[in-house]
Number of protein chains: 6
Amino acid sequence: MVRVLYPGSFDPLHNGHLEVIEAAADLFDAVVVAVMVNPQKDSALFPVAERIAMIEESVAHLSGVSVVSHTGLAVDAAQAAGVDAIVKGLRTVSDFDTEMTMAQTNFAVSGVPTIFLPSASSMAFLASRYIREIAREGRDVSALVPAPVVRRLKEQFGP
Amino acid sequence: MVRVLYPGSFDPLHNGHLEVIEAAADLFDAVVVAVMVNPQKDSALFPVAERIAMIEESVAHLSGVSVVSHTGLAVDAAQAAGVDAIVKGLRTVSDFDTEMTMAQTNFAVSGVPTIFLPSASSMAFLASRYIREIAREGRDVSALVPAPVVRRLKEQFGP
Amino acid sequence: MVRVLYPGSFDPLHNGHLEVIEAAADLFDAVVVAVMVNPQKDSALFPVAERIAMIEESVAHLSGVSVVSHTGLAVDAAQAAGVDAIVKGLRTVSDFDTEMTMAQTNFAVSGVPTIFLPSASSMAFLASRYIREIAREGRDVSALVPAPVVRRLKEQFGP
Amino acid sequence: MVRVLYPGSFDPLHNGHLEVIEAAADLFDAVVVAVMVNPQKDSALFPVAERIAMIEESVAHLSGVSVVSHTGLAVDAAQAAGVDAIVKGLRTVSDFDTEMTMAQTNFAVSGVPTIFLPSASSMAFLASRYIREIAREGRDVSALVPAPVVRRLKEQFGP
Amino acid sequence: MVRVLYPGSFDPLHNGHLEVIEAAADLFDAVVVAVMVNPQKDSALFPVAERIAMIEESVAHLSGVSVVSHTGLAVDAAQAAGVDAIVKGLRTVSDFDTEMTMAQTNFAVSGVPTIFLPSASSMAFLASRYIREIAREGRDVSALVPAPVVRRLKEQFGP
Amino acid sequence: MVRVLYPGSFDPLHNGHLEVIEAAADLFDAVVVAVMVNPQKDSALFPVAERIAMIEESVAHLSGVSVVSHTGLAVDAAQAAGVDAIVKGLRTVSDFDTEMTMAQTNFAVSGVPTIFLPSASSMAFLASRYIREIAREGRDVSALVPAPVVRRLKEQFGP
């Protein structure tokens, strides 16, 4: 039994995230998606409960996937969930730099290892930050995010 | 049951490789270490049989690890071994660039996914190329490679 | 007829920006410089009207260059201006990562392509952020920015 | 009239190259594809004449595109063809590093500027080197290269 | 006599910083550690006086090291201290990009050169930002920071 | 007294190398330039004696600089010359990756530290490899290399 935690802000979940979850669900016995809450940043587009709901709807076709929220460190979430490893997606070199540093820090303070899954090339450019900006201007992002996210973005920002 | 293939030249195996094997053995049910043979490059320091022997001696303390050799593509080795994924270590940005490109190419032509394990920081500078150069000059590399490799390097280059 | 848009904050314009405009004016039939306005960031050093004036004075020797301002996405500015492509300068690897991601996102949602012009080596280190910091301390930046910008920085921060 | 040169080995042309040619043909008045010949490297998979033929067949649907071969520097090819700029595709950070250095060197010795076109994300992992390796093992690369290249690879290496 | 300035926020000092100071003290005749104060950022964990005290306690075993604070530019601090060069540690590629840009900007406006010291591999993942986050959650960071910092972090955050 | 070794192939010395030597000569008491000889690579453009002569002529205006040749490892050259540190120039991210790895390897096996000096921006694109290619085609490289190198390149390649 290999169980992994997939932490992130998911504000909102996009197709690159979904692809990581699908790959992890395919490889591992259990995938806990953890919506990380940062009380010091209150500029989120979607509240945590809605982010969880969007993920749950988007992963309904997968087995072994659960969704939780966590305030604090990813390693604390990992230990609370009793997983064997943290899973992160890798897209760009900036990602790599940041994620290597965090993986080594996390391992040093907790012993929890990190596993990286490379983005499929066609998803490597997706970033929630740009998706929020584009959706705010009313552009169609249905090629970039799952249907449950498209629906909520349209409710907020229009067609 | 999650089974993975760890391909490489391993000419010779160093502590960074060993660390990847140990992490993979800890996480997954079976780890197949594949010594990749390139018939067009005959400048190897150690013959394949000796590279396999050094790895087998160095992983004797681990369970679920086997060693094979393969001529051709890593994805062919992966499919021959019936594994679920290829595992690679990540150290530097140059690694990242090369490995992302190969992972995406491999997935496109075979459907075999690649998983990356980050090097622990203290191993991130290890490269077989530099170890060969340093050992050739007779310097002590016992802090960089497992004991079975130290012994063979000393037999070749002294002192 | 090839027409391009060159978007940026230009707070203030520096010699690296000017070099991109000159290269674009040399290659393309029309260059629209777009001062991008971010209503959520009100920490700009110069108001938009003054940024436009500084650019207009600095490009007075070039033909085919116009200056506009735009609130929203660069792709909206590009479509409003009816250009064929967005032009961006490339200096560092961090630039490259960010700009590739934005170029691919912009193309996915609008079909507007992005063209990159490499900074001449001697301009590659210029960044408005550092120029603001240095000018605030009263240091001479006349080697880094065009004369119309030097004059305004001196008016604000002294010799 | 903006005319550009697109230099490369094209051994063989792949879909990422073709995408750069299509984008350049869309933006510019003329695109000269230059197959660069390196007499010191005689390990090419396809002879120059065949590389030219494969490109010509693959760009038959585009107007304003011609194909030449050149022995020597890309800037000499550019000046011989009387173009305004060299065009290069950008995929990875390693590309970026190498291409920035070459663009700045080329500009310093010849005054010929270089323009970069970002790979669409779904092509960013393509490299002729890996395609040669994969085709040599008899795997299907028809998703990675144009049909005229698929046919010739099959003739050489089988289905 | 070679004298250098080592500027930083040091909020708090960690073992990677200490290693840079030790290497600089070993090579150069005098090392001035400059705690850089940014009046616009008032979110510091430790006040400047306490950051200075922690550094002074942590470098008590070294000769030729002094600690100052400075509000403004690092090059102003360097000229105020009469040093020959600024020293910075290098860990990751993001560091490299930022530091190269700053070094070239600083040299252009002041003539003060910058020297880089590479982090020993085992320290390359340390960042004050992550250490603050981890310590805030009450985890043990005694392997990551000097004893005088451990003590103060425990006073603030327990346990 | 701080003494440093600056190792390289210098085939040929270019203005970026010369700039590193000048900066090192300004900062340190002695600079030993070491022409590294690789007996396995016999494709050098200039023989070692001529590379040394070109460097000696080019640094005649500096005090404290000597030139040696060395076959083997840079750390052996450093210990033979009795220096305190190895000095390397840093230009690009690829440089950074390679040089960090070598610096950490060298420190691990010998205790000799490495110091990096950033290239001035206007020299960051210079690479002996491209200079050889350009000079071979008879182009003028007098803006890129010192006069003693220009003279010898002209003797070999004209015009």
# chains A, B, ... in the order shown; residues from 1 in each chain; ligands from 1
$ residues_around --residues "Ile134 in chain F" --least-positions-apart "6" --cutoff "12 Å" --atoms "only C-alpha atoms" --output "list in words"
Gly72, Leu73, Ala74, Val75, Asp76, Met102, Thr105, Asn106, Ala108, Val109 and Ser110 of chain D; Leu126, Ala127, Ser128, Asp140, Val141, Ser142, Leu144, Val145, Leu153, Lys154, Phe157 and Gly158 of chain F
$ select_by_dssp --residues "chain B" --states "helix (DSSP H, G or I)" --output "number ranges by chain"
B: 15-27, 48-58, 74-81, 93-110, 121-123, 128-136, 147-157
$ closest_residue --among "D:Ile131, D:Ala77, D:Leu117, D:Ala85" --to "chain F" --atoms "only C-alpha atoms"
D:Ala77
$ closest_residue --among "E:Pro146, E:Pro47, E:Gly64, E:Pro113" --to "Ala78 in chain E" --atoms "only C-alpha atoms"
E:Pro113
$ closest_atom_pairs --of "chain A" --to "chain C" --cutoff "12 Å" --atoms "only C-alpha atoms" --output "Markdown table"
| residue | atom | partner | partner_atom | distance |
| --- | --- | --- | --- | --- |
| A:Ser43 | CA | C:Gln40 | CA | 11.6 |
| A:Arg91 | CA | C:Thr101 | CA | 9.6 |
| A:Thr92 | CA | C:Asp97 | CA | 6.5 |
| A:Val93 | CA | C:Asp97 | CA | 6.8 |
| A:Ser94 | CA | C:Asp97 | CA | 6.9 |
| A:Asp95 | CA | C:Asp97 | CA | 9.4 |
| A:Phe96 | CA | C:Asp97 | CA | 11.1 |
| A:Asp97 | CA | C:Ser94 | CA | 10.8 |
| A:Ser121 | CA | C:Gln104 | CA | 11.3 |
| A:Ser122 | CA | C:Gln104 | CA | 9.6 |
| A:Met123 | CA | C:Gln104 | CA | 10.0 |
| A:Ala124 | CA | C:Thr101 | CA | 7.8 |
| A:Phe125 | CA | C:Thr101 | CA | 4.7 |
| A:Leu126 | CA | C:Thr105 | CA | 7.0 |
| A:Ala127 | CA | C:Thr101 | CA | 8.2 |
| A:Ser128 | CA | C:Thr105 | CA | 11.0 |
| A:Arg129 | CA | C:Met102 | CA | 10.5 |
| A:Tyr130 | CA | C:Thr105 | CA | 7.7 |
| A:Ile131 | CA | C:Thr105 | CA | 8.5 |
| A:Arg132 | CA | C:Leu73 | CA | 11.4 |
| A:Glu133 | CA | C:Leu73 | CA | 7.7 |
| A:Ile134 | CA | C:Leu73 | CA | 7.2 |
| A:Ala135 | CA | C:Val109 | CA | 10.2 |
| A:Arg136 | CA | C:Gly72 | CA | 9.2 |
| A:Glu137 | CA | C:Gly72 | CA | 7.0 |
| A:Gly138 | CA | C:Leu73 | CA | 10.6 |
| A:Arg139 | CA | C:Val109 | CA | 7.4 |
| A:Asp140 | CA | C:Val109 | CA | 7.1 |
| A:Val141 | CA | C:Val109 | CA | 7.0 |
| A:Ser142 | CA | C:Val109 | CA | 9.4 |
| A:Ala143 | CA | C:Ala108 | CA | 8.2 |
| A:Leu144 | CA | C:Ala108 | CA | 8.7 |
$ select_by_dssp --residues "range 91-135 of chain E" --states "strand (DSSP E)" --output "VMD selection string"
chain E and resid 114 to 118
$ residues_around --residues "range 50-63 of chain F" --least-positions-apart "4" --cutoff "7 Å" --atoms "only C-alpha atoms" --output "PDB file with N, CA and C atoms, in the first residue's frame"
ATOM      1  N   PHE F  10      41.313  28.043 -22.365  1.00  0.00           N
ATOM      2  CA  PHE F  10      41.844  29.256 -23.006  1.00  0.00           C
ATOM      3  C   PHE F  10      42.282  28.986 -24.441  1.00  0.00           C
ATOM      4  N   ASP F  11      41.397  28.381 -25.210  1.00  0.00           N
ATOM      5  CA  ASP F  11      41.729  27.991 -26.594  1.00  0.00           C
ATOM      6  C   ASP F  11      40.788  28.681 -27.576  1.00  0.00           C
ATOM      7  N   PRO F  12      40.879  29.990 -27.760  1.00  0.00           N
ATOM      8  CA  PRO F  12      41.866  30.897 -27.161  1.00  0.00           C
ATOM      9  C   PRO F  12      41.274  31.712 -26.011  1.00  0.00           C
ATOM     10  N   LEU F  13      42.148  32.437 -25.308  1.00  0.00           N
ATOM     11  CA  LEU F  13      41.749  33.472 -24.344  1.00  0.00           C
ATOM     12  C   LEU F  13      40.830  34.473 -25.041  1.00  0.00           C
ATOM     13  N   PHE F  46      44.919  25.864 -30.674  1.00  0.00           N
ATOM     14  CA  PHE F  46      46.286  26.331 -30.418  1.00  0.00           C
ATOM     15  C   PHE F  46      47.014  25.357 -29.488  1.00  0.00           C
ATOM     16  N   VAL F  67      51.378  32.540 -15.349  1.00  0.00           N
ATOM     17  CA  VAL F  67      50.680  31.575 -16.195  1.00  0.00           C
ATOM     18  C   VAL F  67      51.428  30.242 -16.131  1.00  0.00           C
ATOM     19  N   PRO F 146      41.630  39.617 -27.097  1.00  0.00           N
ATOM     20  CA  PRO F 146      42.736  40.577 -27.006  1.00  0.00           C
ATOM     21  C   PRO F 146      43.580  40.571 -28.286  1.00  0.00           C
ATOM     22  N   PRO F 148      46.771  40.111 -28.978  1.00  0.00           N
ATOM     23  CA  PRO F 148      47.694  39.001 -29.285  1.00  0.00           C
ATOM     24  C   PRO F 148      46.957  37.770 -29.836  1.00  0.00           C
ATOM     25  N   VAL F 149      45.680  37.635 -29.495  1.00  0.00           N
ATOM     26  CA  VAL F 149      44.896  36.505 -30.022  1.00  0.00           C
ATOM     27  C   VAL F 149      44.413  36.839 -31.436  1.00  0.00           C
TER      28      VAL F 149
END
$ closest_residue --among "B:Asn15, B:Val87, B:Thr71, B:Ile115" --to "Gln40 in chain B" --atoms "only C-alpha atoms"
B:Thr71
$ residues_around --residues "Asp84 in chain F" --least-positions-apart "2" --cutoff "12 Å" --atoms "only C-alpha atoms" --output "PyMOL selection string"
(chain E and resi 23-24+26-28) or (chain F and resi 1-6+28-32+75+77-82+86-87+107+110-115)
